[in-house]
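S.K.: Next comes the structure file final09.csv, holding CSV, C-alpha atoms and all ligand atoms.
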chain,number,residue,atom,x,y,z
A,1,MET,CA,75.1,87.3,104.5
A,2,GLU,CA,71.5,87.7,103.5
A,3,THR,CA,72.4,89.1,100.1
A,4,GLU,CA,73.9,85.7,99.2
A,5,ALA,CA,70.6,83.9,99.7
A,6,ALA,CA,68.8,86.6,97.8
A,7,HIS,CA,71.1,86.2,94.8
A,8,GLY,CA,71.0,82.4,95.0
A,9,VAL,CA,74.5,82.4,93.6
A,10,TRP,CA,76.1,80.5,96.4
A,11,PRO,CA,74.9,78.5,99.4
A,12,THR,CA,75.3,80.2,102.7
A,13,ASN,CA,77.5,77.8,104.4
A,14,ARG,CA,80.4,80.1,105.4
A,15,LYS,CA,82.8,77.8,107.3
A,16,ASP,CA,84.4,78.4,110.6
A,17,GLU,CA,85.1,81.8,112.0
A,18,THR,CA,86.4,80.3,115.2
A,19,PRO,CA,89.0,82.5,116.6
A,20,GLY,CA,92.2,80.6,117.3
A,21,VAL,CA,91.8,78.3,114.4
A,22,ALA,CA,91.3,80.4,111.4
A,23,ASP,CA,92.4,83.8,112.6
A,24,THR,CA,95.5,83.2,114.7
A,25,ASN,CA,96.8,80.2,112.8
A,26,ALA,CA,100.5,80.6,112.1
A,27,GLY,CA,100.7,77.6,109.8
A,28,GLU,CA,103.3,75.0,110.8
A,29,ASN,CA,104.6,77.4,113.4
A,30,ALA,CA,101.3,77.9,115.2
A,31,LYS,CA,101.5,77.3,118.9
A,32,THR,CA,98.5,75.0,118.8
A,33,PRO,CA,98.1,72.7,121.7
A,34,GLU,CA,98.9,69.0,120.9
A,35,THR,CA,95.3,68.2,121.4
A,36,ALA,CA,93.8,70.8,119.1
A,37,GLU,CA,92.7,69.8,115.7
A,38,LYS,CA,95.3,70.5,113.0
A,39,PRO,CA,94.2,73.8,111.3
A,40,PRO,CA,93.5,73.5,107.5
A,41,SER,CA,96.2,74.4,105.1
A,42,ARG,CA,96.1,78.0,104.1
A,43,ILE,CA,96.0,78.4,100.3
A,44,LEU,CA,96.7,81.9,98.9
A,45,SER,CA,96.9,83.5,95.5
A,46,GLY,CA,96.6,86.9,93.9
A,47,ILE,CA,95.9,88.3,90.5
A,48,GLN,CA,96.7,91.8,89.2
A,49,PRO,CA,93.8,94.0,87.9
A,50,THR,CA,95.7,94.9,84.8
A,51,GLY,CA,93.0,94.1,82.2
A,52,ARG,CA,90.3,91.6,81.2
A,53,LEU,CA,90.9,88.0,82.4
A,54,HIS,CA,91.8,85.5,79.8
A,55,ILE,CA,91.8,81.7,79.4
A,56,GLY,CA,95.5,81.6,80.3
A,57,ASN,CA,94.7,83.2,83.7
A,58,TYR,CA,91.8,80.9,84.0
A,59,PHE,CA,93.5,77.6,83.4
A,60,GLY,CA,96.9,78.6,84.9
A,61,MET,CA,95.7,80.1,88.1
A,62,MET,CA,91.9,80.7,88.6
A,63,GLU,CA,90.7,77.2,87.9
A,64,PRO,CA,93.2,75.5,90.2
A,65,ALA,CA,92.5,78.1,92.9
A,66,ILE,CA,88.8,77.5,92.6
A,67,ARG,CA,89.3,73.8,93.0
A,68,LEU,CA,91.5,74.3,96.0
A,69,GLN,CA,88.9,76.4,97.9
A,70,ASP,CA,87.3,73.0,98.9
A,71,GLU,CA,90.6,71.7,100.3
A,72,GLY,CA,91.7,74.3,102.8
A,73,ASP,CA,91.4,77.9,104.1
A,74,ALA,CA,91.6,79.8,100.8
A,75,PHE,CA,92.6,83.4,100.5
A,76,TYR,CA,92.4,85.1,97.1
A,77,PHE,CA,93.0,88.7,96.4
A,78,ILE,CA,93.2,91.4,93.8
A,79,ALA,CA,96.8,92.7,93.7
A,80,ASP,CA,96.1,96.4,93.1
A,81,TYR,CA,99.3,97.6,94.8
A,82,HIS,CA,101.2,95.5,92.3
A,83,ALA,CA,99.1,96.7,89.4
A,84,LEU,CA,100.2,100.3,90.2
A,85,THR,CA,103.5,99.5,88.7
A,86,THR,CA,101.8,99.4,85.3
A,87,VAL,CA,98.3,101.0,85.6
A,88,HIS,CA,98.5,104.7,86.1
A,89,ASP,CA,95.0,105.9,85.5
A,90,PRO,CA,92.7,105.9,88.6
A,91,ALA,CA,89.5,105.3,86.7
A,92,THR,CA,91.1,102.4,84.8
A,93,MET,CA,92.4,101.0,88.1
A,94,ARG,CA,88.9,101.1,89.7
A,95,GLU,CA,87.3,99.6,86.6
A,96,ASN,CA,89.8,96.8,86.4
A,97,VAL,CA,89.5,95.9,90.1
A,98,ALA,CA,85.7,95.8,89.8
A,99,GLY,CA,86.0,93.7,86.6
A,100,VAL,CA,88.4,91.2,88.1
A,101,ALA,CA,86.3,90.8,91.2
A,102,THR,CA,83.2,90.2,89.2
A,103,ASP,CA,84.8,87.8,86.8
A,104,PHE,CA,86.7,85.8,89.4
A,105,LEU,CA,83.4,85.3,91.3
A,106,SER,CA,81.6,84.4,88.1
A,107,ALA,CA,84.3,81.9,87.3
A,108,GLY,CA,83.5,80.0,90.5
A,109,LEU,CA,85.3,81.7,93.4
A,110,ASP,CA,82.8,81.0,96.2
A,111,PRO,CA,82.9,83.7,99.0
A,112,SER,CA,81.3,81.3,101.4
A,113,LYS,CA,84.4,79.1,101.1
A,114,ALA,CA,87.2,81.5,100.2
A,115,THR,CA,88.2,84.8,101.7
A,116,PHE,CA,88.3,87.2,98.7
A,117,PHE,CA,89.7,90.7,99.1
A,118,ARG,CA,91.5,93.7,97.7
A,119,GLN,CA,95.3,93.7,98.5
A,120,SER,CA,95.3,97.4,99.4
A,121,ASP,CA,92.5,96.9,102.0
A,122,VAL,CA,95.2,95.3,104.1
A,123,PRO,CA,97.9,97.9,104.2
A,124,GLU,CA,100.0,95.8,106.6
A,125,VAL,CA,101.3,94.0,103.6
A,126,ALA,CA,103.2,97.2,102.5
A,127,GLU,CA,104.7,97.4,106.0
A,128,LEU,CA,105.8,93.8,105.9
A,129,SER,CA,107.3,94.4,102.5
A,130,TRP,CA,109.7,96.9,104.1
A,131,PHE,CA,110.7,94.4,106.8
A,132,LEU,CA,111.4,91.8,104.1
A,133,SER,CA,113.3,94.3,101.9
A,134,THR,CA,115.9,94.5,104.7
A,135,VAL,CA,116.8,90.9,104.2
A,136,CYS,CA,116.5,90.8,100.4
A,137,PRO,CA,119.9,90.8,98.5
A,138,ILE,CA,119.8,93.1,95.5
A,139,GLY,CA,121.0,90.2,93.4
A,140,PHE,CA,117.7,88.3,93.9
A,141,LEU,CA,115.8,91.2,92.3
A,142,GLU,CA,118.4,91.8,89.6
A,143,ARG,CA,118.0,88.2,88.5
A,144,ALA,CA,114.2,88.4,88.4
A,145,HIS,CA,112.9,87.5,84.9
A,146,SER,CA,109.7,89.5,85.3
A,147,PHE,CA,111.6,92.8,85.9
A,148,LYS,CA,113.8,92.2,82.8
A,149,ASP,CA,110.8,91.1,80.6
A,150,LYS,CA,108.7,94.0,81.7
A,151,THR,CA,111.4,96.7,81.2
A,152,ALA,CA,112.3,95.2,77.9
A,153,ARG,CA,108.7,95.7,76.9
A,154,GLY,CA,108.9,99.4,77.8
A,155,ILE,CA,107.4,99.4,81.3
A,156,ASP,CA,109.1,102.1,83.5
A,157,ALA,CA,112.0,100.7,85.5
A,158,THR,CA,110.8,102.0,88.8
A,159,HIS,CA,111.7,100.9,92.3
A,160,GLY,CA,108.2,99.5,92.7
A,161,LEU,CA,108.6,97.3,89.6
A,162,PHE,CA,112.1,96.2,90.9
A,163,ALA,CA,110.8,95.4,94.4
A,164,TYR,CA,107.7,93.7,93.0
A,165,PRO,CA,108.8,90.2,94.3
A,166,VAL,CA,109.4,91.6,97.8
A,167,LEU,CA,105.8,92.8,98.0
A,168,MET,CA,104.6,89.5,96.6
A,169,ALA,CA,106.6,87.7,99.3
A,170,ALA,CA,104.8,89.9,101.9
A,171,ASP,CA,101.4,89.0,100.4
A,172,ILE,CA,102.2,85.3,100.9
A,173,LEU,CA,104.0,85.5,104.3
A,174,VAL,CA,101.6,87.9,106.0
A,175,TYR,CA,98.8,85.2,105.9
A,176,ASP,CA,101.1,82.3,106.9
A,177,SER,CA,100.3,80.7,103.6
A,178,ASN,CA,101.1,77.0,103.1
A,179,ILE,CA,100.1,76.5,99.4
A,180,VAL,CA,100.3,79.1,96.6
A,181,PRO,CA,98.6,78.1,93.3
A,182,VAL,CA,100.1,80.1,90.4
A,183,GLY,CA,101.0,79.8,86.8
A,184,LYS,CA,104.5,78.6,85.7
A,185,ASP,CA,105.7,82.2,85.1
A,186,GLN,CA,105.4,82.9,88.8
A,187,LYS,CA,107.8,80.1,89.9
A,188,GLN,CA,110.8,82.4,90.4
A,189,HIS,CA,108.7,84.7,92.6
A,190,LEU,CA,107.8,81.8,94.8
A,191,GLU,CA,111.5,80.8,95.1
A,192,ILE,CA,112.3,84.4,96.2
A,193,THR,CA,109.5,84.3,98.7
A,194,ARG,CA,110.8,81.0,100.2
A,195,ASP,CA,114.4,82.4,100.3
A,196,LEU,CA,113.3,85.7,102.0
A,197,ALA,CA,111.2,83.8,104.6
A,198,GLY,CA,114.2,81.6,105.4
A,199,LYS,CA,116.6,84.5,105.6
A,200,PHE,CA,114.3,86.4,107.9
A,201,ASN,CA,113.8,83.3,110.1
A,202,ASP,CA,117.6,82.8,110.3
A,203,ARG,CA,118.1,86.4,111.4
A,204,PHE,CA,115.2,86.9,113.7
A,205,GLY,CA,114.1,83.5,114.9
A,206,ASP,CA,112.8,80.3,113.5
A,207,GLY,CA,109.1,80.3,113.3
A,208,VAL,CA,108.4,83.9,112.4
A,209,PHE,CA,107.3,82.9,109.0
A,210,THR,CA,105.8,79.7,107.5
A,211,ILE,CA,107.7,78.6,104.4
A,212,PRO,CA,105.1,78.3,101.6
A,213,GLU,CA,104.9,75.6,98.8
A,214,PRO,CA,104.1,76.6,95.3
A,215,ARG,CA,101.4,74.6,93.4
A,216,ILE,CA,102.3,74.9,89.8
A,217,ALA,CA,101.3,72.9,86.7
A,218,GLU,CA,104.7,72.4,85.1
A,219,THR,CA,103.5,70.4,82.1
A,220,GLY,CA,100.3,69.8,80.3
A,221,SER,CA,97.9,72.0,78.4
A,222,THR,CA,97.4,74.4,81.2
A,223,ALA,CA,101.1,75.1,82.2
A,224,SER,CA,101.4,77.9,79.6
A,225,VAL,CA,98.4,78.6,77.5
A,226,PRO,CA,99.5,80.0,74.1
A,227,GLY,CA,98.1,83.3,72.8
A,228,LEU,CA,96.3,83.7,69.5
A,229,ASP,CA,99.7,84.5,67.9
A,230,GLY,CA,101.4,81.4,69.4
A,231,GLN,CA,103.4,83.4,72.1
A,232,LYS,CA,102.4,83.1,75.8
A,233,MET,CA,98.9,84.4,76.2
A,234,SER,CA,99.2,87.6,78.3
A,235,LYS,CA,97.0,90.7,79.0
A,236,SER,CA,99.9,92.8,77.8
A,237,TYR,CA,100.5,91.1,74.5
A,238,ASN,CA,97.1,91.8,72.9
A,239,ASN,CA,96.8,88.1,72.0
A,240,THR,CA,94.2,86.9,74.5
A,241,LEU,CA,90.9,84.9,74.4
A,242,GLU,CA,89.0,86.6,77.1
A,243,LEU,CA,86.8,84.7,79.5
A,244,PHE,CA,83.9,87.0,79.0
A,245,GLU,CA,83.9,88.6,75.6
A,246,GLU,CA,80.9,88.9,73.3
A,247,GLU,CA,80.2,85.8,71.3
A,248,LYS,CA,80.9,87.5,67.9
A,249,LYS,CA,84.3,88.8,69.0
A,250,THR,CA,85.3,85.5,70.5
A,251,ARG,CA,84.3,83.6,67.4
A,252,LYS,CA,86.1,86.1,65.2
A,253,LYS,CA,89.3,85.8,67.2
A,254,ILE,CA,89.3,82.0,67.0
A,255,MET,CA,88.7,82.2,63.3
A,256,LYS,CA,91.7,84.4,62.9
A,257,ILE,CA,94.1,82.0,64.7
A,258,VAL,CA,97.1,81.6,62.4
A,259,THR,CA,97.5,78.1,61.0
A,260,ASP,CA,99.9,76.8,58.4
A,261,ALA,CA,99.1,76.6,54.7
A,262,THR,CA,98.3,72.9,54.4
A,263,ALA,CA,95.6,72.3,51.8
A,264,MET,CA,92.2,71.1,53.0
A,265,GLU,CA,92.6,67.6,51.6
A,266,ASP,CA,96.1,67.0,53.1
A,267,PRO,CA,97.0,65.7,56.5
A,268,LYS,CA,97.7,68.5,59.0
A,269,PRO,CA,100.7,68.7,61.5
A,270,THR,CA,99.6,67.9,65.1
A,271,GLU,CA,102.7,69.4,66.7
A,272,GLU,CA,102.7,73.0,67.8
A,273,SER,CA,99.1,73.5,66.8
A,274,THR,CA,97.5,76.3,68.8
A,275,LEU,CA,94.1,75.0,67.7
A,276,LEU,CA,94.8,71.6,69.3
A,277,ASP,CA,96.3,73.3,72.3
A,278,TYR,CA,93.0,75.1,72.9
A,279,TYR,CA,90.9,72.1,72.1
A,280,ARG,CA,92.8,70.1,74.8
A,281,LEU,CA,91.7,72.7,77.4
A,282,PHE,CA,88.0,72.3,76.6
A,283,ALA,CA,87.4,68.9,75.1
A,284,SER,CA,87.5,65.4,76.6
A,285,ASP,CA,90.4,63.0,75.9
A,286,ASP,CA,88.3,61.1,73.4
A,287,GLU,CA,87.3,64.2,71.6
A,288,VAL,CA,90.9,65.4,71.4
A,289,ALA,CA,92.0,61.9,70.1
A,290,GLU,CA,89.3,62.2,67.4
A,291,MET,CA,90.5,65.6,66.3
A,292,ILE,CA,94.1,64.4,66.1
A,293,ALA,CA,93.0,61.5,64.0
A,294,SER,CA,91.1,63.8,61.7
A,295,PHE,CA,94.1,66.1,61.4
A,296,LYS,CA,96.2,63.1,60.4
A,297,ALA,CA,93.7,61.8,57.9
A,298,GLY,CA,93.3,65.1,56.1
A,299,GLY,CA,90.2,66.1,54.2
A,300,THR,CA,89.0,68.7,56.7
A,301,GLY,CA,89.8,72.4,56.6
A,302,TYR,CA,91.1,74.4,59.5
A,303,GLY,CA,87.9,76.4,59.5
A,304,HIS,CA,85.9,73.4,60.7
A,305,TYR,CA,88.3,72.8,63.6
A,306,LYS,CA,88.1,76.4,64.6
A,307,GLN,CA,84.4,76.1,64.8
A,308,GLN,CA,84.7,73.1,67.1
A,309,VAL,CA,87.1,74.9,69.3
A,310,PHE,CA,84.7,77.9,69.5
A,311,GLU,CA,81.8,75.7,70.4
A,312,LYS,CA,83.6,73.9,73.2
A,313,LEU,CA,84.9,77.2,74.7
A,314,TRP,CA,81.5,78.8,74.5
A,315,GLU,CA,79.8,75.8,76.2
A,316,ARG,CA,82.4,75.6,78.9
A,317,PHE,CA,81.9,79.2,80.1
A,318,ALA,CA,78.1,79.3,79.7
A,319,PRO,CA,77.2,78.8,83.4
A,320,MET,CA,79.8,81.4,84.3
A,321,ARG,CA,78.3,83.9,81.9
A,322,GLU,CA,74.9,83.4,83.6
A,323,ARG,CA,76.3,84.0,87.1
A,324,ARG,CA,78.1,87.1,85.7
A,325,GLU,CA,74.9,88.6,84.5
A,326,LYS,CA,73.5,88.5,88.1
A,327,LEU,CA,76.7,89.9,89.6
A,328,LEU,CA,77.0,92.8,87.1
A,329,ALA,CA,73.5,93.9,88.1
A,330,ASP,CA,74.7,94.4,91.7
A,331,PRO,CA,78.2,95.9,92.1
A,332,ASP,CA,77.5,96.8,95.7
A,333,TYR,CA,77.2,93.1,96.5
A,334,VAL,CA,80.6,92.4,94.9
A,335,GLU,CA,82.1,95.3,96.9
A,336,ASP,CA,80.5,93.9,100.0
A,337,ILE,CA,82.2,90.6,99.5
A,338,LEU,CA,85.6,92.3,99.1
A,339,ARG,CA,85.1,94.3,102.3
A,340,THR,CA,84.0,91.3,104.3
A,341,GLY,CA,87.0,89.4,103.1
A,342,ALA,CA,89.4,92.2,103.9
A,343,LYS,CA,88.3,92.3,107.5
A,344,ARG,CA,89.1,88.7,108.0
A,345,ALA,CA,92.4,89.0,106.1
A,346,ARG,CA,93.4,92.1,108.1
A,347,ARG,CA,93.0,90.4,111.4
A,348,LEU,CA,95.5,87.8,110.3
A,349,ALA,CA,97.9,90.3,108.9
A,350,GLN,CA,97.9,92.3,112.1
A,351,ALA,CA,98.8,89.2,114.1
A,352,THR,CA,101.7,88.5,111.8
A,353,LEU,CA,102.9,92.1,112.0
A,354,ALA,CA,102.8,92.0,115.7
A,355,ARG,CA,105.0,88.9,115.6
A,356,VAL,CA,107.4,90.6,113.2
A,357,ARG,CA,107.6,93.8,115.2
A,358,GLU,CA,108.3,91.8,118.4
A,359,ALA,CA,110.9,89.6,116.7
A,360,THR,CA,112.8,92.6,115.3
A,361,GLY,CA,112.6,94.9,118.3
A,362,ILE,CA,110.7,97.5,116.3
A,363,ALA,CA,108.1,99.3,118.6
A,364,GLY,CA,105.7,96.6,119.7
A,365,HIS,CA,102.6,98.8,119.9
A,366,PRO,CA,101.8,101.4,117.3
A,367,ILE,CA,100.1,104.3,118.9
A,368,SER,CA,96.3,104.4,118.6
A,369,LEU,CA,94.7,107.7,117.5
A,370,ARG,CA,91.5,106.9,119.2
B,401,LIG,P1,99.1,88.4,82.3
B,401,LIG,O1,100.4,87.9,81.8
B,401,LIG,O2,98.0,88.2,81.4
B,401,LIG,O3,99.1,89.9,82.8
B,401,LIG,P2,99.2,87.8,85.1
B,401,LIG,O4,100.6,88.1,85.2
B,401,LIG,O5,98.2,88.8,85.7
B,401,LIG,O6,98.8,87.6,83.6
B,401,LIG,O7,98.9,86.4,85.7
B,401,LIG,C1,97.9,86.0,86.6
B,401,LIG,C2,98.0,84.5,86.8
B,401,LIG,O8,97.6,83.8,85.6
B,401,LIG,C3,99.4,84.1,87.2
B,401,LIG,O9,99.3,83.0,88.2
B,401,LIG,C4,99.9,83.6,86.0
B,401,LIG,O10,100.9,82.6,86.2
B,401,LIG,C5,98.7,83.0,85.3
B,401,LIG,N1,98.9,83.1,83.8
B,401,LIG,C6,99.0,84.2,83.1
B,401,LIG,N2,99.1,83.9,81.7
B,401,LIG,C7,99.1,82.6,81.6
B,401,LIG,C8,99.2,81.6,80.5
B,401,LIG,N3,99.3,82.1,79.3
B,401,LIG,N4,99.2,80.3,80.8
B,401,LIG,C9,99.1,79.9,82.1
B,401,LIG,N5,99.0,80.7,83.1
B,401,LIG,C10,99.0,82.0,83.0
B,402,LIG,N1,102.6,88.4,90.7
B,402,LIG,C1,101.4,87.7,90.4
B,402,LIG,C2,101.0,87.8,88.9
B,402,LIG,O1,101.5,88.6,88.2
B,402,LIG,C3,100.2,88.3,91.2
B,402,LIG,C4,100.5,88.2,92.7
B,402,LIG,C5,100.8,89.2,93.6
B,402,LIG,C6,100.5,87.0,93.5
B,402,LIG,N2,101.0,88.8,94.8
B,402,LIG,C7,100.8,87.4,94.8
B,402,LIG,C8,100.3,85.7,93.2
B,402,LIG,C9,100.9,86.5,95.8
B,402,LIG,C10,100.4,84.8,94.2
B,402,LIG,C11,100.7,85.1,95.5
B,402,LIG,O2,100.3,87.0,88.5
Taking this structure as input, can you express it in the form of structure tokens?

M.R.:
Amino acid sequence: METEAAHGVWPTNRKDETPGVADTNAGENAKTPETAEKPPSRILSGIQPTGRLHIGNYFGMMEPAIRLQDEGDAFYFIADYHALTTVHDPATMRENVAGVATDFLSAGLDPSKATFFRQSDVPEVAELSWFLSTVCPIGFLERAHSFKDKTARGIDATHGLFAYPVLMAADILVYDSNIVPVGKDQKQHLEITRDLAGKFNDRFGDGVFTIPEPRIAETGSTASVPGLDGQKMSKSYNNTLELFEEEKKTRKKIMKIVTDATAMEDPKPTEESTLLDYYRLFASDDEVAEMIASFKAGGTGYGHYKQQVFEKLWERFAPMRERREKLLADPDYVEDILRTGAKRARRLAQATLARVREATGIAGHPISLR
């Protein structure tokens, strides 16, 4: 892509496009000859365009996904069909999709390594969702936490929201994904995906679907990043530290983090401290140990610690802000990346759908209008 070189944002070393390795790979079920090299693991994840990305999204999903793009054939997408369950304004949808695309690229998703695309540019995924729904027991969906949580927060209890996990399973299975990096709150969705793949394979033949493995940080500072109010950080709770917000606003938000009323000279509790939780995300082990020691010693006010947290955060995202400036200046370039990614993704999805149609006895060859 000549635009890449022109931008100087990424090197132009797009890896293999060899048909038969990347495009028709069916994961562990691929009928690769014994002699052929083992295809790289397919890594897949998605993120909904429901608002501005925050540091919970970054540490829970984006950063692990960006690290994994060096270890396999990575596929990352913007889940706009999913977002339609909560975003009902077309202008907002378009703005969110463009925003998430730009911000994920700014954060380090490298389109010369990973295939990056918009979910709805591969409509086969909606078709696969139907196939999967015919093996999905209602009970799986009735037990899904996310449906219960979202409806409890007032989101319309539509069939789309109810069937959300089935579409997510289709996202994963349609690309023969092996590894799915997500945050802890997506664990149940991955279990449903594995169950649906197993049920489908039992009914229509082993080897239709590859069974994916979740890659989830269960413990540690990134497993569930707390929001400014101490609850889970979430786009829908109005408690986020955004990845790319103005300096002043970010500083103000950090200064407003609720702390206890310990006086400046007294030792401060180190358990359940949102400030320490944030510092752990950005600072080295030694720096964290130093802050903990200072908490215990007393004599320093929370304002000082907040300032330290802000500085570390700001420093960490500085290179990304720079890349973002360049990308914001050229939205066509970002759109071009998504379209290029979708072409590659769609070839794979069509191969899976052909296999599924064949296995189920549903018309093998959709008519062509050309
Ligand atoms: P949100 O709750 O902000 O709408 P999404 O549901 O779009 O976030 O999640 C996108 C990805 O980010 C998922 O993989 C999810 O697990 C991860 N994620 C979201 N919030 C957090 C958090 N507070 N801590 C860790 N990971 C998170
Ligand atoms: N449900 C995910 C979330 O809310 C987004 C998503 C949709 C996804 N399809 C996916 C994540 C497939 C991983 C794989 O964050």

S.K.: Hey, which residues sit close to ligand LIG 402 (chain B)? Say within 10 Å, counting only C-alpha atoms and all ligand atoms, and write them as a PyMOL selection string.

M.R.: chain A and resi 43-50+57+60-61+75-83+119+146+164-173+177+179-187+189-190+193+214

S.K.: Include C-alpha atoms and write out the residues we just selected as a PDB file, in the coordinates of the input.

M.R.:
ATOM      1  CA  ILE A  43      96.000  78.400 100.300  1.00  0.00           C
ATOM      2  CA  LEU A  44      96.700  81.900  98.900  1.00  0.00           C
ATOM      3  CA  SER A  45      96.900  83.500  95.500  1.00  0.00           C
ATOM      4  CA  GLY A  46      96.600  86.900  93.900  1.00  0.00           C
ATOM      5  CA  ILE A  47      95.900  88.300  90.500  1.00  0.00           C
ATOM      6  CA  GLN A  48      96.700  91.800  89.200  1.00  0.00           C
ATOM      7  CA  PRO A  49      93.800  94.000  87.900  1.00  0.00           C
ATOM      8  CA  THR A  50      95.700  94.900  84.800  1.00  0.00           C
ATOM      9  CA  ASN A  57      94.700  83.200  83.700  1.00  0.00           C
ATOM     10  CA  GLY A  60      96.900  78.600  84.900  1.00  0.00           C
ATOM     11  CA  MET A  61      95.700  80.100  88.100  1.00  0.00           C
ATOM     12  CA  PHE A  75      92.600  83.400 100.500  1.00  0.00           C
ATOM     13  CA  TYR A  76      92.400  85.100  97.100  1.00  0.00           C
ATOM     14  CA  PHE A  77      93.000  88.700  96.400  1.00  0.00           C
ATOM     15  CA  ILE A  78      93.200  91.400  93.800  1.00  0.00           C
ATOM     16  CA  ALA A  79      96.800  92.700  93.700  1.00  0.00           C
ATOM     17  CA  ASP A  80      96.100  96.400  93.100  1.00  0.00           C
ATOM     18  CA  TYR A  81      99.300  97.600  94.800  1.00  0.00           C
ATOM     19  CA  HIS A  82     101.200  95.500  92.300  1.00  0.00           C
ATOM     20  CA  ALA A  83      99.100  96.700  89.400  1.00  0.00           C
ATOM     21  CA  GLN A 119      95.300  93.700  98.500  1.00  0.00           C
ATOM     22  CA  SER A 146     109.700  89.500  85.300  1.00  0.00           C
ATOM     23  CA  TYR A 164     107.700  93.700  93.000  1.00  0.00           C
ATOM     24  CA  PRO A 165     108.800  90.200  94.300  1.00  0.00           C
ATOM     25  CA  VAL A 166     109.400  91.600  97.800  1.00  0.00           C
ATOM     26  CA  LEU A 167     105.800  92.800  98.000  1.00  0.00           C
ATOM     27  CA  MET A 168     104.600  89.500  96.600  1.00  0.00           C
ATOM     28  CA  ALA A 169     106.600  87.700  99.300  1.00  0.00           C
ATOM     29  CA  ALA A 170     104.800  89.900 101.900  1.00  0.00           C
ATOM     30  CA  ASP A 171     101.400  89.000 100.400  1.00  0.00           C
ATOM     31  CA  ILE A 172     102.200  85.300 100.900  1.00  0.00           C
ATOM     32  CA  LEU A 173     104.000  85.500 104.300  1.00  0.00           C
ATOM     33  CA  SER A 177     100.300  80.700 103.600  1.00  0.00           C
ATOM     34  CA  ILE A 179     100.100  76.500  99.400  1.00  0.00           C
ATOM     35  CA  VAL A 180     100.300  79.100  96.600  1.00  0.00           C
ATOM     36  CA  PRO A 181      98.600  78.100  93.300  1.00  0.00           C
ATOM     37  CA  VAL A 182     100.100  80.100  90.400  1.00  0.00           C
ATOM     38  CA  GLY A 183     101.000  79.800  86.800  1.00  0.00           C
ATOM     39  CA  LYS A 184     104.500  78.600  85.700  1.00  0.00           C
ATOM     40  CA  ASP A 185     105.700  82.200  85.100  1.00  0.00           C
ATOM     41  CA  GLN A 186     105.400  82.900  88.800  1.00  0.00           C
ATOM     42  CA  LYS A 187     107.800  80.100  89.900  1.00  0.00           C
ATOM     43  CA  HIS A 189     108.700  84.700  92.600  1.00  0.00           C
ATOM     44  CA  LEU A 190     107.800  81.800  94.800  1.00  0.00           C
ATOM     45  CA  THR A 193     109.500  84.300  98.700  1.00  0.00           C
ATOM     46  CA  PRO A 214     104.100  76.600  95.300  1.00  0.00           C
TER      47      PRO A 214
END

S.K.: To one decimal place in Å, what is the distance between CA of Asp285 (chain A) and CA of Ile55 (chain A)?

M.R.: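 A separation of 19.1 Å between them.
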
S.K.: Have a look at A:Gly361, A:Pro40, A:Gly198, A:Gly303 and name the one nearest to Lys252 (chain A); count all atoms listed in the file.

M.R.: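 Looking only at the distances to Lys252 (chain A), the closest residue turns out to be A:Gly303.
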
S.K.: What is the CA of Val334 (chain A) to CA of Gly56 (chain A) distance in Å?

M.R.: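 Interatomic distance, CA of Val334 (chain A) to CA of Gly56 (chain A): 23.5 Å.
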
S.K.: Would you kindly return, as a PyMOL selection string, each protein, DNA or RNA residue with an atom no farther than 12 Å from any atom of Arg143 (chain A), considering all atoms listed in the file and excluding same-chain residues fewer than 6 positions away?

M.R.: chain A and resi 137+149+162-163+165+188-189+191-192

S.K.: With distances taken over all atoms listed in the file, which of A:Phe147, A:Phe117, A:Tyr237, A:Trp130 is nearest to Val97 (chain A)?

M.R.: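 Going through A:Phe147, A:Phe117, A:Tyr237, A:Trp130 one by one, the smallest distance to Val97 (chain A) is for A:Phe117.
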
S.K.: Excluding Phe104 (chain A) and its own-chain neighbours fewer than 2 positions away, which residues fall within 10 Å of it when counting only C-alpha atoms? Please give them as a PDB file with C-alpha atoms, in the frame of the given file.

M.R.:
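The result, stored in part.pdb:
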ATOM      1  CA  ILE A  47      95.900  88.300  90.500  1.00  0.00           C
ATOM      2  CA  LEU A  53      90.900  88.000  82.400  1.00  0.00           C
ATOM      3  CA  TYR A  58      91.800  80.900  84.000  1.00  0.00           C
ATOM      4  CA  MET A  62      91.900  80.700  88.600  1.00  0.00           C
ATOM      5  CA  GLU A  63      90.700  77.200  87.900  1.00  0.00           C
ATOM      6  CA  ILE A  66      88.800  77.500  92.600  1.00  0.00           C
ATOM      7  CA  TYR A  76      92.400  85.100  97.100  1.00  0.00           C
ATOM      8  CA  PHE A  77      93.000  88.700  96.400  1.00  0.00           C
ATOM      9  CA  ILE A  78      93.200  91.400  93.800  1.00  0.00           C
ATOM     10  CA  GLY A  99      86.000  93.700  86.600  1.00  0.00           C
ATOM     11  CA  VAL A 100      88.400  91.200  88.100  1.00  0.00           C
ATOM     12  CA  ALA A 101      86.300  90.800  91.200  1.00  0.00           C
ATOM     13  CA  THR A 102      83.200  90.200  89.200  1.00  0.00           C
ATOM     14  CA  SER A 106      81.600  84.400  88.100  1.00  0.00           C
ATOM     15  CA  ALA A 107      84.300  81.900  87.300  1.00  0.00           C
ATOM     16  CA  GLY A 108      83.500  80.000  90.500  1.00  0.00           C
ATOM     17  CA  LEU A 109      85.300  81.700  93.400  1.00  0.00           C
ATOM     18  CA  ASP A 110      82.800  81.000  96.200  1.00  0.00           C
ATOM     19  CA  PHE A 116      88.300  87.200  98.700  1.00  0.00           C
ATOM     20  CA  LEU A 243      86.800  84.700  79.500  1.00  0.00           C
ATOM     21  CA  MET A 320      79.800  81.400  84.300  1.00  0.00           C
ATOM     22  CA  ARG A 324      78.100  87.100  85.700  1.00  0.00           C
TER      23      ARG A 324
END
